[in-house]
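K.L.:
My structure is in model00.txt, and what it holds is compact mmCIF, C-alpha atoms:
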# COMPACT_ATOMS: atom_id res chain seq x y z
CA MET A 1 38.02 6.05 1.81
CA LYS A 2 36.20 3.55 -0.42
CA TRP A 3 32.79 4.18 -1.97
CA PRO A 4 30.77 1.40 -3.68
CA THR A 5 31.66 2.41 -7.23
CA THR A 6 33.03 -0.81 -8.71
CA ARG A 7 30.92 -2.83 -11.12
CA ALA A 8 30.63 -5.61 -8.52
CA ASP A 9 29.32 -3.13 -5.96
CA ILE A 10 26.84 -1.59 -8.37
CA ILE A 11 25.28 -4.79 -9.71
CA LYS A 12 24.77 -6.45 -6.34
CA PRO A 13 21.24 -6.68 -4.88
CA GLY A 14 20.12 -3.86 -2.61
CA PHE A 15 22.27 -1.20 -4.29
CA SER A 16 20.89 2.34 -4.15
CA THR A 17 22.03 5.91 -4.66
CA PRO A 18 23.41 8.32 -3.47
CA LEU A 19 26.60 6.28 -3.12
CA ASP A 20 27.45 7.60 0.35
CA ALA A 21 23.88 7.85 1.70
CA PRO A 22 21.65 5.28 -0.06
CA MET A 23 17.94 6.03 -0.02
CA VAL A 24 16.19 2.77 -0.85
CA PRO A 25 16.61 0.06 1.83
CA PRO A 26 17.61 -3.49 0.90
CA PHE A 27 15.40 -6.43 1.85
CA PRO A 28 14.41 -7.46 4.43
CA PHE A 29 13.28 -4.68 6.75
CA THR A 30 10.80 -4.75 9.62
CA PHE A 31 7.80 -2.68 10.69
CA ARG A 32 7.27 -2.91 14.45
CA ASN A 33 3.97 -2.23 16.22
CA ALA A 34 2.25 -0.74 13.17
CA GLU A 35 -1.25 0.57 13.85
CA ILE A 36 -3.76 0.11 11.03
CA LEU A 37 -7.28 1.37 10.45
CA THR A 38 -8.87 -0.56 7.59
CA LEU A 39 -12.04 0.86 6.06
CA THR A 40 -14.22 -1.25 3.76
CA TYR A 41 -17.10 -0.26 1.49
CA ARG A 42 -18.93 -1.30 -1.66
CA THR A 43 -18.39 0.58 -4.89
CA ASP A 44 -19.45 0.40 -8.54
CA PRO A 45 -17.93 -2.79 -10.04
CA ALA A 46 -17.37 -0.91 -13.29
CA ALA A 47 -15.21 1.62 -11.41
CA ILE A 48 -12.95 -1.18 -10.18
CA ARG A 49 -12.68 -2.74 -13.64
CA ALA A 50 -11.70 0.63 -15.11
CA LEU A 51 -8.67 0.84 -12.79
CA LEU A 52 -7.38 -2.71 -13.30
CA PRO A 53 -4.61 -3.17 -15.88
CA GLU A 54 -5.03 -6.01 -18.34
CA PRO A 55 -4.90 -9.01 -17.78
CA LEU A 56 -6.04 -8.56 -14.13
CA VAL A 57 -9.73 -9.21 -13.49
CA SER A 58 -11.88 -7.99 -10.62
CA THR A 59 -13.01 -10.38 -7.90
CA GLY A 60 -15.75 -8.24 -6.31
CA ASP A 61 -17.17 -4.83 -5.53
CA THR A 62 -15.42 -4.08 -2.21
CA VAL A 63 -12.74 -1.46 -1.57
CA MET A 64 -10.28 -1.59 1.33
CA ILE A 65 -8.49 1.52 2.49
CA HIS A 66 -5.70 0.90 4.99
CA VAL A 67 -4.53 3.88 7.02
CA TYR A 68 -1.20 2.98 8.62
CA LYS A 69 0.63 4.58 11.50
CA MET A 70 4.11 3.11 11.13
CA THR A 71 5.60 3.70 14.56
CA ASP A 72 9.02 2.04 14.17
CA THR A 73 10.39 0.99 10.78
CA ASP A 74 13.93 0.05 9.76
CA TRP A 75 15.52 2.79 7.60
CA LEU A 76 12.29 4.81 7.28
CA GLY A 77 11.52 5.69 10.89
CA PRO A 78 7.97 6.71 11.89
CA TYR A 79 5.57 7.74 9.11
CA HIS A 80 1.96 7.39 7.91
CA GLU A 81 0.58 5.66 4.83
CA VAL A 82 -2.72 5.12 2.99
CA ASN A 83 -3.13 2.07 0.73
CA VAL A 84 -6.28 1.77 -1.41
CA MET A 85 -6.96 -1.82 -2.50
CA VAL A 86 -9.44 -3.75 -4.63
CA GLY A 87 -9.71 -7.51 -5.08
CA ALA A 88 -8.02 -8.78 -8.24
CA ASP A 89 -7.00 -12.01 -9.93
CA LEU A 90 -4.33 -12.86 -12.48
CA PRO A 91 -5.87 -16.03 -13.92
CA GLY A 92 -3.81 -19.10 -13.22
CA LYS A 93 -1.11 -17.22 -11.29
CA ALA A 94 -2.30 -15.18 -8.30
CA THR A 95 -5.29 -13.83 -6.42
CA GLY A 96 -4.91 -10.85 -4.15
CA ALA A 97 -5.37 -7.09 -3.90
CA TYR A 98 -4.42 -4.51 -6.51
CA SER A 99 -3.42 -1.04 -5.28
CA PRO A 100 -4.57 1.77 -7.60
CA TYR A 101 -3.57 4.49 -5.10
CA LEU A 102 -0.98 4.81 -2.33
CA PHE A 103 0.07 7.90 -0.34
CA LEU A 104 2.86 8.29 2.22
CA SER A 105 4.47 10.95 4.37
CA SER A 106 7.92 9.37 3.76
CA ASP A 107 10.06 10.15 0.71
CA ILE A 108 12.02 6.93 1.34
CA GLY A 109 8.80 4.92 1.35
CA VAL A 110 7.65 6.56 -1.88
CA ALA A 111 10.97 5.85 -3.61
CA HIS A 112 11.18 2.25 -2.41
CA GLY A 113 7.58 1.47 -3.28
CA ARG A 114 7.87 2.88 -6.79
CA GLU A 115 11.40 1.72 -7.71
CA THR A 116 11.23 -1.77 -6.23
CA HIS A 117 7.60 -2.88 -6.08
CA GLY A 118 6.08 -0.70 -8.78
CA GLN A 119 3.52 0.64 -6.32
CA PRO A 120 1.84 3.91 -7.39
CA LYS A 121 3.09 5.83 -4.36
CA LYS A 122 2.89 9.60 -4.01
CA LEU A 123 3.66 11.98 -1.18
CA GLY A 124 0.69 12.97 0.96
CA ASN A 125 -0.27 13.63 4.57
CA PRO A 126 -2.08 10.59 5.97
CA LYS A 127 -2.97 10.55 9.66
CA LEU A 128 -4.36 8.07 12.17
CA ASP A 129 -5.85 9.73 15.25
CA PHE A 130 -7.85 8.77 18.34
CA ARG A 131 -10.46 11.33 19.28
CA GLY A 132 -12.21 10.18 22.41
CA ASP A 133 -14.31 7.15 21.49
CA LEU A 134 -13.58 7.50 17.75
CA ILE A 135 -10.75 6.26 15.53
CA VAL A 136 -10.14 8.67 12.64
CA GLY A 137 -8.09 8.03 9.51
CA SER A 138 -7.48 10.82 7.03
CA LEU A 139 -5.50 11.82 3.95
CA GLU A 140 -4.63 15.36 2.91
CA ARG A 141 -2.92 16.26 -0.36
CA ASN A 142 -2.63 19.67 -2.04
CA GLY A 143 -4.42 21.21 0.93
CA ILE A 144 -7.54 19.08 0.27
CA ASP A 145 -8.87 16.52 2.76
CA VAL A 146 -9.19 13.70 0.24
CA LEU A 147 -10.24 11.00 2.73
CA THR A 148 -11.87 10.96 6.14
CA GLY A 149 -12.74 7.60 7.68
CA THR A 150 -14.01 6.70 11.13
CA MET A 151 -14.93 3.73 13.31
CA PRO A 152 -15.81 3.33 17.01
CA TYR A 153 -12.91 2.82 19.41
CA LYS A 154 -12.38 -0.89 20.26
CA GLN A 155 -15.94 -2.09 20.72
CA THR A 156 -15.96 -5.59 19.19
CA LYS A 157 -13.01 -7.99 19.18
CA ALA A 158 -12.19 -9.59 15.85
CA ALA A 159 -9.46 -11.42 13.95
CA VAL A 160 -7.49 -10.37 10.89
CA THR A 161 -8.90 -13.48 9.18
CA ASP A 162 -12.28 -11.67 9.22
CA LEU A 163 -10.66 -9.01 7.06
CA SER A 164 -8.77 -11.35 4.74
CA ALA A 165 -12.04 -13.21 4.10
CA ILE A 166 -13.23 -10.17 2.12
CA PHE A 167 -10.31 -10.65 -0.27
CA PRO A 168 -6.69 -11.81 0.31
CA PHE A 169 -5.18 -8.36 0.81
CA ALA A 170 -1.87 -9.78 2.11
CA THR A 171 -0.97 -10.60 -1.50
CA ASN A 172 -0.39 -7.15 -2.96
CA LEU A 173 -0.42 -6.89 -6.78
CA ASN A 174 1.13 -3.89 -8.52
CA LEU A 175 1.82 -2.54 -12.00
CA LYS A 176 5.52 -1.67 -12.31
CA ALA A 177 6.25 0.77 -15.14
CA ILE A 178 9.71 2.30 -15.68
CA ASP A 179 11.16 3.79 -18.88
CA HIS A 180 14.74 3.97 -20.13
CA ILE A 181 16.38 7.40 -20.31
CA ASP A 182 15.53 7.52 -24.05
CA GLY A 183 11.82 7.11 -23.33
CA THR A 184 11.52 3.49 -24.45
CA PRO A 185 9.97 0.93 -22.07
CA ALA A 186 12.44 -0.61 -19.63
CA ILE A 187 10.07 -2.41 -17.23
CA ARG A 188 6.40 -3.27 -17.69
CA GLN A 189 5.47 -5.90 -15.12
CA LEU A 190 2.81 -7.12 -12.76
CA THR A 191 4.51 -7.78 -9.44
CA SER A 192 3.43 -9.43 -6.21
CA ARG A 193 4.65 -9.15 -2.65
CA GLN A 194 3.63 -10.69 0.66
CA LEU A 195 4.60 -9.84 4.21
CA ALA A 196 6.60 -12.23 6.38
CA ASP A 197 6.74 -12.90 10.13
CA VAL A 198 3.34 -11.27 10.68
CA GLN A 199 2.44 -11.00 14.37
CA VAL A 200 -0.95 -9.46 15.14
CA ALA A 201 -1.21 -8.02 18.65
CA GLU A 202 -4.90 -7.11 18.54
CA CYS A 203 -7.81 -6.65 16.13
CA TRP A 204 -11.18 -4.90 16.51
CA ARG A 205 -14.09 -4.29 14.14
CA GLY A 206 -17.11 -2.02 13.95
CA PRO A 207 -19.20 0.09 11.60
CA CYS A 208 -17.20 2.61 9.62
CA THR A 209 -17.75 5.77 7.64
CA VAL A 210 -15.86 6.80 4.51
CA GLU A 211 -15.93 10.29 2.99
CA LEU A 212 -14.04 11.05 -0.24
CA ARG A 213 -13.38 14.47 -1.76
CA PRO A 214 -12.31 14.83 -5.41
CA ASN A 215 -8.70 15.68 -6.19
CA ALA A 216 -7.25 15.20 -9.68
CA GLN A 217 -3.86 14.25 -8.18
CA ALA A 218 -5.38 11.86 -5.63
CA PRO A 219 -8.50 10.55 -7.40
CA LEU A 220 -9.86 8.18 -4.75
CA HIS A 221 -13.29 9.53 -5.71
CA ARG A 222 -13.14 7.31 -8.81
CA LEU A 223 -14.11 4.48 -6.43
CA PRO A 224 -17.37 6.02 -5.12
CA VAL A 225 -18.87 4.92 -1.80
CA LEU A 226 -22.15 3.08 -2.46
CA GLU A 227 -22.49 1.17 0.83
CA MET A 228 -20.38 1.44 3.95
CA LEU A 229 -19.30 -1.82 5.53
CA ASP A 230 -17.17 -2.57 8.61
CA GLY A 231 -13.93 -1.01 9.73
CA PHE A 232 -11.06 -2.81 11.45
CA TYR A 233 -8.42 -1.48 13.81
CA TRP A 234 -5.41 -3.72 14.34
CA ARG A 235 -1.78 -3.64 15.48
CA ALA A 236 0.91 -5.80 13.95
CA THR A 237 4.62 -6.37 13.43
CA PHE A 238 5.78 -7.68 10.03
CA THR A 239 8.76 -7.87 7.70
CA LEU A 240 8.95 -6.76 4.07
CA VAL A 241 10.75 -9.34 1.93
CA PRO A 242 11.44 -9.64 -1.81
CA GLY A 243 8.45 -10.24 -4.07
CA ILE A 244 8.05 -11.91 -7.45
CA ILE A 245 7.37 -10.96 -11.07
CA LEU A 246 3.99 -12.39 -12.08
CA HIS A 247 3.74 -11.08 -15.63
CA ASP A 248 6.18 -9.34 -17.97
CA TYR A 249 4.38 -7.32 -20.64
CA LEU A 250 7.57 -6.97 -22.71
CA THR A 251 8.19 -10.72 -23.03
CA GLU A 252 4.79 -12.36 -22.48
CA VAL A 253 1.70 -12.13 -24.68
Once more with this new file: its structure as structure tokens, please.

P.N.:
Amino acid sequence: MKWPTTRADIIKPGFSTPLDAPMVPPFPFTFRNAEILTLTYRTDPAAIRALLPEPLVSTGDTVMIHVYKMTDTDWLGPYHEVNVMVGADLPGKATGAYSPYLFLSSDIGVAHGRETHGQPKKLGNPKLDFRGDLIVGSLERNGIDVLTGTMPYKQTKAAVTDLSAIFPFATNLNLKAIDHIDGTPAIRQLTSRQLADVQVAECWRGPCTVELRPNAQAPLHRLPVLEMLDGFYWRATFTLVPGIILHDYLTEV
């Protein structure tokens, strides 16, 4: 029986441990019929600036919180996810959405997001529910209901372009930080990823509510709700493909 232990096996793209049951999936992999509740609201611009790593700059005062119900995903299976985004720009290189907080119910998703993309993923208990005429998105961590968001059930048809007009959230910017075993910096990068083969089955919009409860291990409250805007419910299929390195702090000034 042969395990992938040769140097050639180990240095090839997509390699992951354990050797006989790898955890992190190689690119590409597909999310089918994902259901997403996107909540938008205005916050304090200073709160956004405080969470952006240099040299990213803020592009506005709006927060997007995506609550995903991933119904059928290669490698990962079904799970839920919450992605908190703010508009950001890396001058001369990219404009998109920076994610200061991400929470998943999948350990594979947490590992892949952190090891590969540099996303700040943690385990949590996100949920997307339908309660009569209400769509409810929530996040629980440490026994605390950190987020509760709502919007009416499918009242006004919309397009995902209405959402991307707020800021280009499809370009996800992340701070990737990994140390060597001796504690010295190994990776300090700003990375970017986009989704491929995006097929949107439906999209709806309506007024939304957003309630945040403080939690030191899930500090979404650092982006306080000042004005609630619209929510969007949409279903889509998409593929996760390799991203790019936008900025390397260890080699660039």

K.L.:
Using Å and a single decimal, report how far CA of Ile245 in chain A sits from CA of Asp197 in chain A.

P.N.:
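Between CA of Asp197 in chain A and CA of Ile245 in chain A the gap works out to 21.3 Å.
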
K.L.:
Measuring atom to atom with only C-alpha atoms, identify which of A:Lys12, A:Arg32, A:Arg222, A:His180 is nearest to Val146 in chain A.

P.N.:
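Of all the options, A:Arg222 lies closest to Val146 in chain A.
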
K.L.:
Would you kindly return, as a list in words, each protein, DNA or RNA residue with an atom no farther than 6 Å from any atom of range 108-125 of chain A, considering all atoms listed in the file and excluding same-chain residues fewer than 4 positions away?

P.N.:
Val24, Tyr101, Leu102, Phe103, Leu104, Leu139, Glu140, Arg141, Asn174, Leu175 and Lys176 of chain A

K.L.:
Give me, please, the distance in Å between CA of Ala177 in chain A and CA of Leu51 in chain A, quoted to one decimal.

P.N.:
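Going from CA of Ala177 in chain A over to CA of Leu51 in chain A covers 15.1 Å.
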
K.L.:
Excluding Trp204 in chain A and residues on its chain fewer than 4 positions from it, collect all residues at most 8 Å away from it, counting all atoms listed in the file, and give them as a ChimeraX atom specification.

P.N.:
/A:154-159,232-234

K.L.:
Which one of A:Val84, A:Ala21, A:Val200, A:Leu190 sits closest to Ala236 in chain A if you count only C-alpha atoms?

P.N.:
A:Val200

K.L.:
Using all atoms listed in the file, pick whichever of A:Ala34, A:Ala50, A:Ala8, A:Leu76 has the shortest atom-to-atom distance to Pro22 in chain A.

P.N.:
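When distances to Pro22 in chain A are compared using all atoms listed in the file, the smallest one comes from A:Leu76.
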
K.L.:
From the list A:Asp182, A:Asp133, A:Asp248, A:Asp72, which residue is nearest Thr30 in chain A when using all atoms listed in the file?

P.N.:
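Closest to Thr30 in chain A, using all atoms listed in the file: A:Asp72.
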
K.L.:
I want to know what sits within 12 Å of Gly87 in chain A, based on only C-alpha atoms, with residues of the same chain fewer than 5 positions away left out; could you give that as an MDAnalysis selection string?

P.N.:
chainID A and resid 40 42:43 45 48:49 51:52 56:65 94:100 164:174

K.L.:
I'd like the interatomic distance between CA of Cys203 in chain A and CA of Asp230 in chain A, to a tenth of an Å.

P.N.:
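These atoms are spaced 12.7 Å apart.
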
K.L.:
Let me make sure I understand: among A:Asp74, A:Glu227, A:Glu54, A:Asp107, which one has the smallest atom-to-atom distance to Gln189 in chain A if we use all atoms listed in the file?

P.N.:
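Comparing A:Asp74, A:Glu227, A:Glu54, A:Asp107 against Gln189 in chain A, the winner is A:Glu54.
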